[in-house]
Amino acid sequence: MKQNTVLRAEDVCKSFANNGGQNHVLDMINLAIYEGDFTVIMGSSGAGKSTLLYALSGMDRVTSGRVYYKQKEITRLKEKEMAALRASEFGFIFQQMHLVSNLTLMENVVVTGYLCKKESTRSVNQQAFALLKQMHVEEAKDRLPSQVSGGEAQRAAIARAVINRPGIVFADEPTGALNRHNTEEVLNLLSELNREGQSIVMVTHDTRAAIHGNRFVYLEDGRVMGEMQMPPYRKEEEKSRERQMEAWLASMAW
Ligand SMILES: Nc1ncnc2c1ncn2[C@@H]1O[C@H](COP(=O)(O)OP(=O)(O)O)[C@@H](O)[C@H]1O
Ligand SMILES: [Mg+2]
């Protein structure tokens with residue numbers, strides 16, 4: 001089956017100035033992200049994974065090269081246009097949830113929906129509740145982020161990330177701050193969203209998290225070193241997926 005390309009990086013470079021010199025963090029990245037995939041970006045700490053995610057999602061400017069979302073070159077957009085596109089087309093999940101601390105979980109989700117202006121207030125409210133329910137956190141909906149566990153906060157953050165039905169959800173180490181039980185739950189919820197058709201790009205250095213994806217990109221020193229595909233995640237195949245992942249990572253000198 002031929003998949004549509006939803007995001008494309010062409011010759012993307014990113015460097016930071018560091019005491020007089022340049023630190024080349026992304027070095028000529030050429031990468032396509034396909035619709036419906038759960039793409040996982042792996043690589044050791046400092047490989048440039050987060051920087052790549054920020055470049056792909058327009059959170060940060062590239063030094064050179066181009067990024068296209070569908071047919072639109074987003075690296076050309078003015079800051080305001082980029083912010084509007086991010087708000088309506090992209091969802092974000094981070095290691096630290098970045099929920100607004102003086103808003104309840106429900107308010108955190110609906111405000112993101114109101115800002116996007118795709119739907120009526122009433123419809124946003126209904127969808128926010130349905131999503132919090134799907135994320136098994138509806139009972140905590142009226143609590144502040146400080147009054148819930150890390151796992152509950154992250155599940156609310158996932159609801160917030162998908163409230164606007166984004167073209168892509170970007171997740172940067174979304175389970176990095178969670179215990180094992182919450183990690184499993186969050187990954188299962190991401191898998192469920194992906195089965196429903198949500199395109200996801202996730203950065204992780206955790207093999208157990210990575211096996212929830214179906215396409216894998218290995219980054220080292222800011223370069224794409226290799227790629228692998230697997231069929232979509234199924235819990236029954238977890239052990240064999242882990243073995244396949246470990247063999248691939250070993251071949252990448254992980
Ligand atoms: N804002 C920044 N300013 C300067 N250097 C940065 C900045 N962000 C990242 N870097 C550098 O880029 C490299 C890759 O960082 P990062 O993308 O966070 O790696 P990863 O997510 O794979 O661990 C590191 O050497 C880091 O120090
Ligand atoms: Mg990182």
# chains A, B, ... in the order shown; residues from 1 in each chain; ligands from 1
>>> residues_around(residues="A:Ser146", least_positions_apart="6", cutoff="12 Å", atoms="only C-alpha atoms", output="mmCIF file with C-alpha atoms, in the first residue's frame")
data_model
loop_
_atom_site.group_PDB
_atom_site.id
_atom_site.type_symbol
_atom_site.label_atom_id
_atom_site.label_comp_id
_atom_site.auth_asym_id
_atom_site.auth_seq_id
_atom_site.Cartn_x
_atom_site.Cartn_y
_atom_site.Cartn_z
ATOM 1 C CA MET A 97 3.805 17.497 30.653
ATOM 2 C CA HIS A 98 3.770 21.315 30.523
ATOM 3 C CA LEU A 99 0.158 21.507 31.618
ATOM 4 C CA VAL A 100 -0.978 24.953 32.732
ATOM 5 C CA SER A 101 -0.686 24.697 36.503
ATOM 6 C CA ASN A 102 -3.659 26.861 37.500
ATOM 7 C CA LEU A 103 -6.102 25.141 35.131
ATOM 8 C CA THR A 104 -7.790 21.794 35.787
ATOM 9 C CA LEU A 105 -7.071 18.832 33.516
ATOM 10 C CA ALA A 140 -9.609 13.537 37.801
ATOM 11 C CA GLU A 152 -2.697 11.040 35.069
ATOM 12 C CA ALA A 153 -1.107 14.330 34.065
#
>>> residues_around(residues="A:Gln154", least_positions_apart="2", cutoff="9 Å", atoms="only C-alpha atoms", output="VMD selection string")
chain A and resid 93 to 97 99 149 to 152 156 to 159 174 to 175 178 182 186
>>> write_last_selection(atoms="N, CA and C atoms", output="short mmCIF file (atom, residue, chain, number, x, y, z; two decimals), in the first residue's frame")
data_model
loop_
_atom_site.label_atom_id
_atom_site.label_comp_id
_atom_site.auth_asym_id
_atom_site.auth_seq_id
_atom_site.Cartn_x
_atom_site.Cartn_y
_atom_site.Cartn_z
N ILE A 93 3.45 16.23 22.93
CA ILE A 93 3.54 15.58 24.23
C ILE A 93 5.02 15.58 24.63
N PHE A 94 5.30 16.05 25.82
CA PHE A 94 6.69 16.15 26.27
C PHE A 94 6.93 15.25 27.48
N GLN A 95 8.20 15.13 27.83
CA GLN A 95 8.54 14.35 29.03
C GLN A 95 7.92 15.01 30.27
N GLN A 96 8.16 16.30 30.43
CA GLN A 96 7.47 17.07 31.45
C GLN A 96 6.20 17.58 30.77
N MET A 97 5.06 17.36 31.38
CA MET A 97 3.80 17.50 30.65
C MET A 97 3.48 18.92 30.19
N LEU A 99 1.55 21.08 31.47
CA LEU A 99 0.16 21.51 31.62
C LEU A 99 0.16 22.88 32.32
N SER A 149 -1.41 12.31 39.71
CA SER A 149 -0.13 11.63 39.54
C SER A 149 0.50 12.00 38.19
N GLY A 150 1.76 11.68 38.04
CA GLY A 150 2.44 11.93 36.77
C GLY A 150 1.77 11.22 35.61
N GLY A 151 1.31 10.00 35.87
CA GLY A 151 0.64 9.23 34.82
C GLY A 151 -0.67 9.88 34.40
N GLU A 152 -1.43 10.37 35.39
CA GLU A 152 -2.70 11.04 35.07
C GLU A 152 -2.44 12.33 34.30
N ALA A 156 -3.72 13.27 30.51
CA ALA A 156 -4.44 14.51 30.17
C ALA A 156 -3.69 15.25 29.06
N ALA A 157 -2.36 15.21 29.14
CA ALA A 157 -1.55 15.89 28.11
C ALA A 157 -1.76 15.23 26.74
N ILE A 158 -1.99 13.91 26.73
CA ILE A 158 -2.27 13.24 25.45
C ILE A 158 -3.63 13.69 24.92
N ALA A 159 -4.61 13.78 25.82
CA ALA A 159 -5.93 14.27 25.40
C ALA A 159 -5.80 15.67 24.80
N PRO A 174 7.93 10.74 25.87
CA PRO A 174 6.71 10.97 26.64
C PRO A 174 6.61 10.11 27.90
N THR A 175 7.42 9.06 28.00
CA THR A 175 7.34 8.21 29.19
C THR A 175 8.59 8.36 30.05
N LEU A 178 7.95 8.68 33.79
CA LEU A 178 6.89 7.85 34.38
C LEU A 178 7.43 6.53 34.91
N ASN A 182 2.73 3.30 34.58
CA ASN A 182 2.22 4.44 33.81
C ASN A 182 2.81 4.49 32.41
N VAL A 186 0.50 4.71 29.10
CA VAL A 186 0.64 5.81 28.14
C VAL A 186 0.96 5.24 26.74
#
>>> closest_residue(among="A:Gln134, A:Asn108, A:Thr204, A:Asn164", to="ligand 1", atoms="only C-alpha atoms and all ligand atoms")
A:Thr204
>>> closest_residue(among="A:Met230, A:Val203, A:Ala209, A:Val224", to="ligand 2", atoms="only C-alpha atoms and all ligand atoms")
A:Val203
>>> residues_around(residues="A:His212", least_positions_apart="4", cutoff="8 Å", atoms="only C-alpha atoms", output="VMD selection string")
chain A and resid 38 187 to 188 191 208 232 to 233
>>> write_last_selection(atoms="C-alpha atoms", output="compact mmCIF listing (two decimals), in the first residue's frame")
# COMPACT_ATOMS: atom_id res chain seq x y z
CA PHE A 38 3.82 5.52 14.34
CA LEU A 187 2.21 3.68 25.38
CA ASN A 188 -0.94 1.59 25.04
CA SER A 191 -0.92 2.75 20.18
CA ARG A 208 10.24 -1.02 25.30
CA PRO A 232 1.82 -2.29 13.52
CA TYR A 233 2.19 -3.06 17.23
>>> atom_distance(atom1="atom CA of A:Ser15", atom2="atom 22 (O, counted along the ligand's line) of ligand 1")
13.8 Å
>>> atom_distance(atom1="atom CA of A:Arg155", atom2="atom CA of A:Glu35")
23.2 Å
>>> select_by_dssp(residues="stretch 69-237 of chain A", states="strand (DSSP E)", output="PDB file with N, CA and C atoms, in the first residue's frame")
ATOM      1  N   TYR A  69       5.079  20.344   5.373  1.00  0.00           N
ATOM      2  CA  TYR A  69       3.941  19.651   5.964  1.00  0.00           C
ATOM      3  C   TYR A  69       2.900  19.546   4.858  1.00  0.00           C
ATOM      4  N   LYS A  72       2.909  22.174   2.021  1.00  0.00           N
ATOM      5  CA  LYS A  72       3.323  23.509   2.429  1.00  0.00           C
ATOM      6  C   LYS A  72       4.735  23.521   3.024  1.00  0.00           C
ATOM      7  N   GLU A  73       5.557  24.432   2.531  1.00  0.00           N
ATOM      8  CA  GLU A  73       6.902  24.547   3.110  1.00  0.00           C
ATOM      9  C   GLU A  73       6.807  25.358   4.393  1.00  0.00           C
ATOM     10  N   PHE A  90      -0.704  20.344  14.617  1.00  0.00           N
ATOM     11  CA  PHE A  90       0.242  19.525  15.372  1.00  0.00           C
ATOM     12  C   PHE A  90      -0.190  19.403  16.836  1.00  0.00           C
ATOM     13  N   GLY A  91       0.038  18.237  17.408  1.00  0.00           N
ATOM     14  CA  GLY A  91      -0.149  18.042  18.845  1.00  0.00           C
ATOM     15  C   GLY A  91       1.195  17.689  19.449  1.00  0.00           C
ATOM     16  N   PHE A  92       1.398  18.079  20.711  1.00  0.00           N
ATOM     17  CA  PHE A  92       2.696  17.867  21.354  1.00  0.00           C
ATOM     18  C   PHE A  92       2.558  17.181  22.705  1.00  0.00           C
ATOM     19  N   ILE A  93       3.452  16.228  22.926  1.00  0.00           N
ATOM     20  CA  ILE A  93       3.540  15.577  24.231  1.00  0.00           C
ATOM     21  C   ILE A  93       5.021  15.578  24.625  1.00  0.00           C
ATOM     22  N   ILE A 168      -0.444  15.445  12.877  1.00  0.00           N
ATOM     23  CA  ILE A 168       0.656  14.702  13.499  1.00  0.00           C
ATOM     24  C   ILE A 168       0.719  15.020  14.990  1.00  0.00           C
ATOM     25  N   VAL A 169       0.963  13.984  15.778  1.00  0.00           N
ATOM     26  CA  VAL A 169       1.302  14.179  17.186  1.00  0.00           C
ATOM     27  C   VAL A 169       2.803  13.937  17.334  1.00  0.00           C
ATOM     28  N   PHE A 170       3.490  14.910  17.914  1.00  0.00           N
ATOM     29  CA  PHE A 170       4.922  14.794  18.200  1.00  0.00           C
ATOM     30  C   PHE A 170       5.096  14.513  19.689  1.00  0.00           C
ATOM     31  N   ALA A 171       5.864  13.492  20.000  1.00  0.00           N
ATOM     32  CA  ALA A 171       6.077  13.140  21.403  1.00  0.00           C
ATOM     33  C   ALA A 171       7.573  13.012  21.663  1.00  0.00           C
ATOM     34  N   ASP A 172       8.079  13.772  22.631  1.00  0.00           N
ATOM     35  CA  ASP A 172       9.511  13.731  22.960  1.00  0.00           C
ATOM     36  C   ASP A 172       9.690  13.035  24.303  1.00  0.00           C
ATOM     37  N   ILE A 200       1.864   9.532  14.364  1.00  0.00           N
ATOM     38  CA  ILE A 200       2.639   9.897  15.557  1.00  0.00           C
ATOM     39  C   ILE A 200       4.123   9.875  15.216  1.00  0.00           C
ATOM     40  N   VAL A 201       4.857  10.855  15.702  1.00  0.00           N
ATOM     41  CA  VAL A 201       6.322  10.837  15.640  1.00  0.00           C
ATOM     42  C   VAL A 201       6.816  10.933  17.074  1.00  0.00           C
ATOM     43  N   MET A 202       7.476   9.896  17.523  1.00  0.00           N
ATOM     44  CA  MET A 202       7.917   9.844  18.923  1.00  0.00           C
ATOM     45  C   MET A 202       9.430   9.669  19.010  1.00  0.00           C
ATOM     46  N   VAL A 203      10.041  10.462  19.861  1.00  0.00           N
ATOM     47  CA  VAL A 203      11.455  10.314  20.174  1.00  0.00           C
ATOM     48  C   VAL A 203      11.570   9.516  21.465  1.00  0.00           C
ATOM     49  N   ARG A 215       7.642   2.157  12.406  1.00  0.00           N
ATOM     50  CA  ARG A 215       8.770   2.578  11.582  1.00  0.00           C
ATOM     51  C   ARG A 215       9.786   3.249  12.488  1.00  0.00           C
ATOM     52  N   PHE A 216      11.054   2.944  12.250  1.00  0.00           N
ATOM     53  CA  PHE A 216      12.105   3.343  13.180  1.00  0.00           C
ATOM     54  C   PHE A 216      13.233   4.018  12.415  1.00  0.00           C
ATOM     55  N   VAL A 217      13.659   5.139  12.957  1.00  0.00           N
ATOM     56  CA  VAL A 217      14.732   5.904  12.333  1.00  0.00           C
ATOM     57  C   VAL A 217      15.825   6.054  13.376  1.00  0.00           C
ATOM     58  N   TYR A 218      17.048   5.715  12.992  1.00  0.00           N
ATOM     59  CA  TYR A 218      18.155   5.810  13.952  1.00  0.00           C
ATOM     60  C   TYR A 218      19.019   7.019  13.629  1.00  0.00           C
ATOM     61  N   LEU A 219      19.179   7.865  14.629  1.00  0.00           N
ATOM     62  CA  LEU A 219      19.927   9.104  14.469  1.00  0.00           C
ATOM     63  C   LEU A 219      21.224   9.008  15.278  1.00  0.00           C
ATOM     64  N   GLU A 220      22.320   9.429  14.681  1.00  0.00           N
ATOM     65  CA  GLU A 220      23.576   9.512  15.441  1.00  0.00           C
ATOM     66  C   GLU A 220      24.355  10.702  14.907  1.00  0.00           C
ATOM     67  N   ARG A 223      22.790  12.655  12.114  1.00  0.00           N
ATOM     68  CA  ARG A 223      22.566  12.055  10.790  1.00  0.00           C
ATOM     69  C   ARG A 223      21.674  10.835  10.908  1.00  0.00           C
ATOM     70  N   VAL A 224      20.885  10.587   9.860  1.00  0.00           N
ATOM     71  CA  VAL A 224      20.070   9.377   9.838  1.00  0.00           C
ATOM     72  C   VAL A 224      20.974   8.221   9.434  1.00  0.00           C
ATOM     73  N   MET A 225      21.174   7.274  10.364  1.00  0.00           N
ATOM     74  CA  MET A 225      22.097   6.170  10.112  1.00  0.00           C
ATOM     75  C   MET A 225      21.394   4.927   9.588  1.00  0.00           C
ATOM     76  N   GLY A 226      20.115   4.804   9.827  1.00  0.00           N
ATOM     77  CA  GLY A 226      19.413   3.611   9.363  1.00  0.00           C
ATOM     78  C   GLY A 226      17.933   3.688   9.672  1.00  0.00           C
ATOM     79  N   GLU A 227      17.209   2.770   9.048  1.00  0.00           N
ATOM     80  CA  GLU A 227      15.757   2.715   9.203  1.00  0.00           C
ATOM     81  C   GLU A 227      15.309   1.276   9.285  1.00  0.00           C
ATOM     82  N   MET A 228      14.199   1.047   9.942  1.00  0.00           N
ATOM     83  CA  MET A 228      13.621  -0.290   9.988  1.00  0.00           C
ATOM     84  C   MET A 228      12.100  -0.158  10.044  1.00  0.00           C
ATOM     85  N   GLN A 229      11.418  -1.172   9.531  1.00  0.00           N
ATOM     86  CA  GLN A 229       9.952  -1.199   9.605  1.00  0.00           C
ATOM     87  C   GLN A 229       9.525  -2.462  10.331  1.00  0.00           C
TER      88      GLN A 229
END
>>> residues_near_ligand(ligand="ligand 1", cutoff="6 Å", atoms="only C-alpha atoms and all ligand atoms", output="list in words")
Phe16, Val25, Ser45, Gly46, Ala47, Gly48, Lys49, Ser50 and Thr51 of chain A
>>> write_last_selection(atoms="N, CA and C atoms", output="compact mmCIF listing (two decimals), in the first residue's frame")
# COMPACT_ATOMS: atom_id res chain seq x y z
N PHE A 16 24.32 25.26 16.40
CA PHE A 16 24.30 26.23 17.49
C PHE A 16 25.70 26.80 17.63
N VAL A 25 24.41 20.17 14.93
CA VAL A 25 23.60 19.19 15.64
C VAL A 25 22.77 18.34 14.66
N SER A 45 21.82 9.60 23.70
CA SER A 45 21.65 10.93 24.27
C SER A 45 22.59 11.90 23.55
N GLY A 46 22.05 13.05 23.14
CA GLY A 46 22.86 14.04 22.44
C GLY A 46 22.94 13.82 20.94
N ALA A 47 22.24 12.79 20.43
CA ALA A 47 22.28 12.48 18.99
C ALA A 47 21.59 13.56 18.15
N GLY A 48 20.73 14.34 18.78
CA GLY A 48 20.01 15.38 18.05
C GLY A 48 18.53 15.07 17.88
N LYS A 49 18.02 14.10 18.63
CA LYS A 49 16.62 13.66 18.47
C LYS A 49 15.63 14.79 18.76
N SER A 50 15.82 15.43 19.90
CA SER A 50 14.88 16.51 20.26
C SER A 50 15.00 17.66 19.28
N THR A 51 16.21 17.98 18.90
CA THR A 51 16.43 19.06 17.94
C THR A 51 15.72 18.75 16.62
>>> residues_around(residues="A:Ser88", least_positions_apart="6", cutoff="12 Å", atoms="only C-alpha atoms", output="list in words")
Glu81, Met82, Thr112, Gly113, Tyr114, Leu115, Cys116, Lys117, Lys118, Glu119, Arg160, Ala161, Val162, Ile163, Asn164, Arg165, Pro166, Gly167, Ile168 and Val169 of chain A
